[in-house]
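Worksheet: the structure to be examined is printed underneath.
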Amino acid sequence: MSRYVVQAGWNDVPHLSEQDKADLMKSLSPHQIKARSEGIPSLGAGAIYPVPEEDIVCEPFQLPDWWARLYGLDVGWNKTAGIWAAWDRDTDVIYLYSEHYRGQAEPSVHAKAIKMRGSWIPGNIDYAGTNQSDGKRVMNLYKDEGLILHPANKAVEAGLLEMLDRLSTGRLKVFSTLQHWLSEFRLYRRNEKGRIVKENDHLMDATRYLIMGLNHATTRPVERAHQITQPGDTTAGY
């Protein structure tokens, strides 16, 4: 049996005037606008972050060394996801610039990938565990690999609101190269009962942990090639 789908928006129907469209737009919730005006199917009760993708995506650029860095880490056997951010404190704009997205691997494997992005960069971690003791053991496994980690603030609704505020005001930007993050962003939604659909949301969670723990962000340590020697000292310090 064959199927044919026609997608139509307000601009495809001649009986709606510009004033009609403006009046309809005022009556819609943000997450309904694209579905009603452009015919794009809505996601359940609506996208959690009803912000146009073109408003938050930017092309990659060289990040200044003095911008503070931090990453969020969502750990699990089926999928471990990490997201890295550079924070311009002068403008309070956060740029997501790198992502880690891999499943079914040991902590040492993930830790190696994480340290390649800068072993000095701290992270906010949430770990999947059956109980508190098991979770602490998982965190210690990652710390033993040389990672600088802090327990994540897992306040869900507060974190969602903080992220939405940043996205809506242009204070959270995403490099266009983060395809896994963008894929999750497009499908991140609530169901008809208003509950978050917990599917393919690992990077969304990791970003929330990052945003809720910005106080842990730090700048790159100053590297000193040589130490200052006293007159007569024949030993150079390195």
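Chain lettering (A, B, ...) mirrors the order of the structure tokens, residue numbering begins at 1 for each chain separately, and ligand numbering begins at 1 in order of display.
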For Leu203 in chain A, find every residue with an atom within 8 Å (counting only C-alpha atoms), except residues of its own chain fewer than 5 positions away, and show them as a PyMOL selection string. chain A and resi 74+81-83+180-181+184
Put those residues in a file: C-alpha atoms, as a PDB file, in the first residue's frame.
ATOM      1  CA  ASP A  74      26.203  11.390  31.709  1.00  0.00           C
ATOM      2  CA  ALA A  81      27.833  11.138  26.740  1.00  0.00           C
ATOM      3  CA  GLY A  82      29.957  14.200  27.420  1.00  0.00           C
ATOM      4  CA  ILE A  83      29.586  17.799  26.303  1.00  0.00           C
ATOM      5  CA  HIS A 180      24.740  14.112  18.141  1.00  0.00           C
ATOM      6  CA  TRP A 181      23.752  17.072  20.328  1.00  0.00           C
ATOM      7  CA  GLU A 184      18.902  14.994  20.496  1.00  0.00           C
TER       8      GLU A 184
END
Which residues in range 52-217 of chain A does DSSP call strand (DSSP E)? List them as number ranges by chain. A: 57-58, 68-75, 80-88, 93-102, 123-127, 149-151, 172-175, 189-190
Residue subset to file, keeping C-alpha atoms, as an mmCIF file, in the first residue's frame:
data_model
loop_
_atom_site.group_PDB
_atom_site.id
_atom_site.type_symbol
_atom_site.label_atom_id
_atom_site.label_comp_id
_atom_site.auth_asym_id
_atom_site.auth_seq_id
_atom_site.Cartn_x
_atom_site.Cartn_y
_atom_site.Cartn_z
ATOM 1 C CA VAL A 57 23.936 27.182 16.051
ATOM 2 C CA CYS A 58 27.201 28.855 15.090
ATOM 3 C CA ALA A 68 36.635 29.102 31.320
ATOM 4 C CA ARG A 69 36.072 25.445 30.411
ATOM 5 C CA LEU A 70 33.841 22.728 31.818
ATOM 6 C CA TYR A 71 32.111 19.557 30.671
ATOM 7 C CA GLY A 72 29.027 17.623 31.665
ATOM 8 C CA LEU A 73 29.113 13.833 31.741
ATOM 9 C CA ASP A 74 26.203 11.390 31.709
ATOM 10 C CA VAL A 75 27.547 7.903 32.397
ATOM 11 C CA THR A 80 28.096 7.566 27.949
ATOM 12 C CA ALA A 81 27.833 11.138 26.740
ATOM 13 C CA GLY A 82 29.957 14.200 27.420
ATOM 14 C CA ILE A 83 29.586 17.799 26.303
ATOM 15 C CA TRP A 84 32.316 20.476 26.542
ATOM 16 C CA ALA A 85 31.739 24.200 26.950
ATOM 17 C CA ALA A 86 33.763 27.406 26.828
ATOM 18 C CA TRP A 87 32.306 30.245 28.890
ATOM 19 C CA ASP A 88 32.915 33.866 27.963
ATOM 20 C CA VAL A 93 27.731 33.394 26.700
ATOM 21 C CA ILE A 94 28.443 29.652 26.770
ATOM 22 C CA TYR A 95 29.652 27.860 23.640
ATOM 23 C CA LEU A 96 29.250 24.080 23.361
ATOM 24 C CA TYR A 97 32.167 22.986 21.221
ATOM 25 C CA SER A 98 32.867 19.257 21.603
ATOM 26 C CA GLU A 99 30.964 16.061 22.359
ATOM 27 C CA HIS A 100 31.710 12.464 23.373
ATOM 28 C CA TYR A 101 29.078 9.860 22.504
ATOM 29 C CA ARG A 102 29.852 6.182 22.945
ATOM 30 C CA GLY A 123 33.510 17.892 34.769
ATOM 31 C CA ASN A 124 30.096 17.528 36.395
ATOM 32 C CA ILE A 125 29.152 13.861 36.383
ATOM 33 C CA ASP A 126 25.972 11.862 36.796
ATOM 34 C CA TYR A 127 26.395 8.128 36.931
ATOM 35 C CA LEU A 149 34.987 15.450 38.669
ATOM 36 C CA HIS A 150 32.151 16.947 40.701
ATOM 37 C CA PRO A 151 28.750 15.352 41.416
ATOM 38 C CA LEU A 172 24.004 29.373 24.954
ATOM 39 C CA LYS A 173 25.441 28.634 21.518
ATOM 40 C CA VAL A 174 26.268 25.323 19.837
ATOM 41 C CA PHE A 175 28.941 24.559 17.264
ATOM 42 C CA ARG A 189 10.155 16.735 24.078
ATOM 43 C CA ARG A 190 7.379 16.093 26.556
#
Given the choices A:Ser17, A:Ser183, A:Asn153, A:Thr219, which gets closest to Met204 in chain A if the distance is worked out from only C-alpha atoms? A:Ser183
Env of Ile148 in chain A: 10 Å cut, atoms = only C-alpha atoms, seq-sep filter 3 positions within chain, self excluded. Answer as a list in words. Lys115, Ser119, Trp120, Ile121, Pro122, Gly123, Asn124, Ile125, Tyr142, Lys143, Asp144 and Glu145 of chain A
Write down as a PyMOL selection string the residues of range 87-192 of chain A whose backbone DSSP state falls under helix (DSSP H, G or I). chain A and resi 107-115+132-144+156-168+179-187
Can you pull out the residues contacting Asp165 in chain A? Cut-off 12 Å, using only C-alpha atoms, and skip same-chain residues under 6 positions away; I want them as a compact mmCIF listing (two decimals) with N, CA and C atoms, in the first residue's frame.
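What follows is the written file selection-v9.txt:
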# COMPACT_ATOMS: atom_id res chain seq x y z
N ILE A 48 10.78 20.68 24.38
CA ILE A 48 11.15 21.24 25.68
C ILE A 48 11.84 22.58 25.50
N TYR A 49 12.63 22.70 24.43
CA TYR A 49 13.29 23.96 24.13
C TYR A 49 12.76 24.49 22.80
N PRO A 50 11.64 25.23 22.81
CA PRO A 50 11.04 25.73 21.57
C PRO A 50 11.80 26.94 21.03
N VAL A 51 13.04 26.71 20.68
CA VAL A 51 13.91 27.77 20.18
C VAL A 51 14.39 27.37 18.79
N VAL A 93 28.16 34.29 27.77
CA VAL A 93 27.73 33.39 26.70
C VAL A 93 28.54 32.10 26.79
N ALA A 158 14.45 22.92 37.30
CA ALA A 158 15.27 24.13 37.44
C ALA A 158 16.33 24.17 36.35
N GLY A 159 16.92 23.02 36.03
CA GLY A 159 17.92 22.96 34.98
C GLY A 159 17.34 23.23 33.61
N ARG A 171 22.46 33.22 25.11
CA ARG A 171 23.61 33.02 25.98
C ARG A 171 24.08 31.56 26.03
N LEU A 172 23.54 30.75 25.12
CA LEU A 172 24.00 29.37 24.95
C LEU A 172 24.02 29.07 23.46
N ILE A 211 25.40 23.20 32.87
CA ILE A 211 24.84 24.53 33.14
C ILE A 211 24.59 24.74 34.62
Using only C-alpha atoms for the distances, tell me which of A:Arg117, A:Lys136, A:His202, A:His15 is nearest to Phe185 in chain A. A:His202
Looking at only C-alpha atoms, which of A:Gly9, A:Gly103, A:Pro14, A:Gly213 is the one that sits closest to Glu162 in chain A? A:Gly213
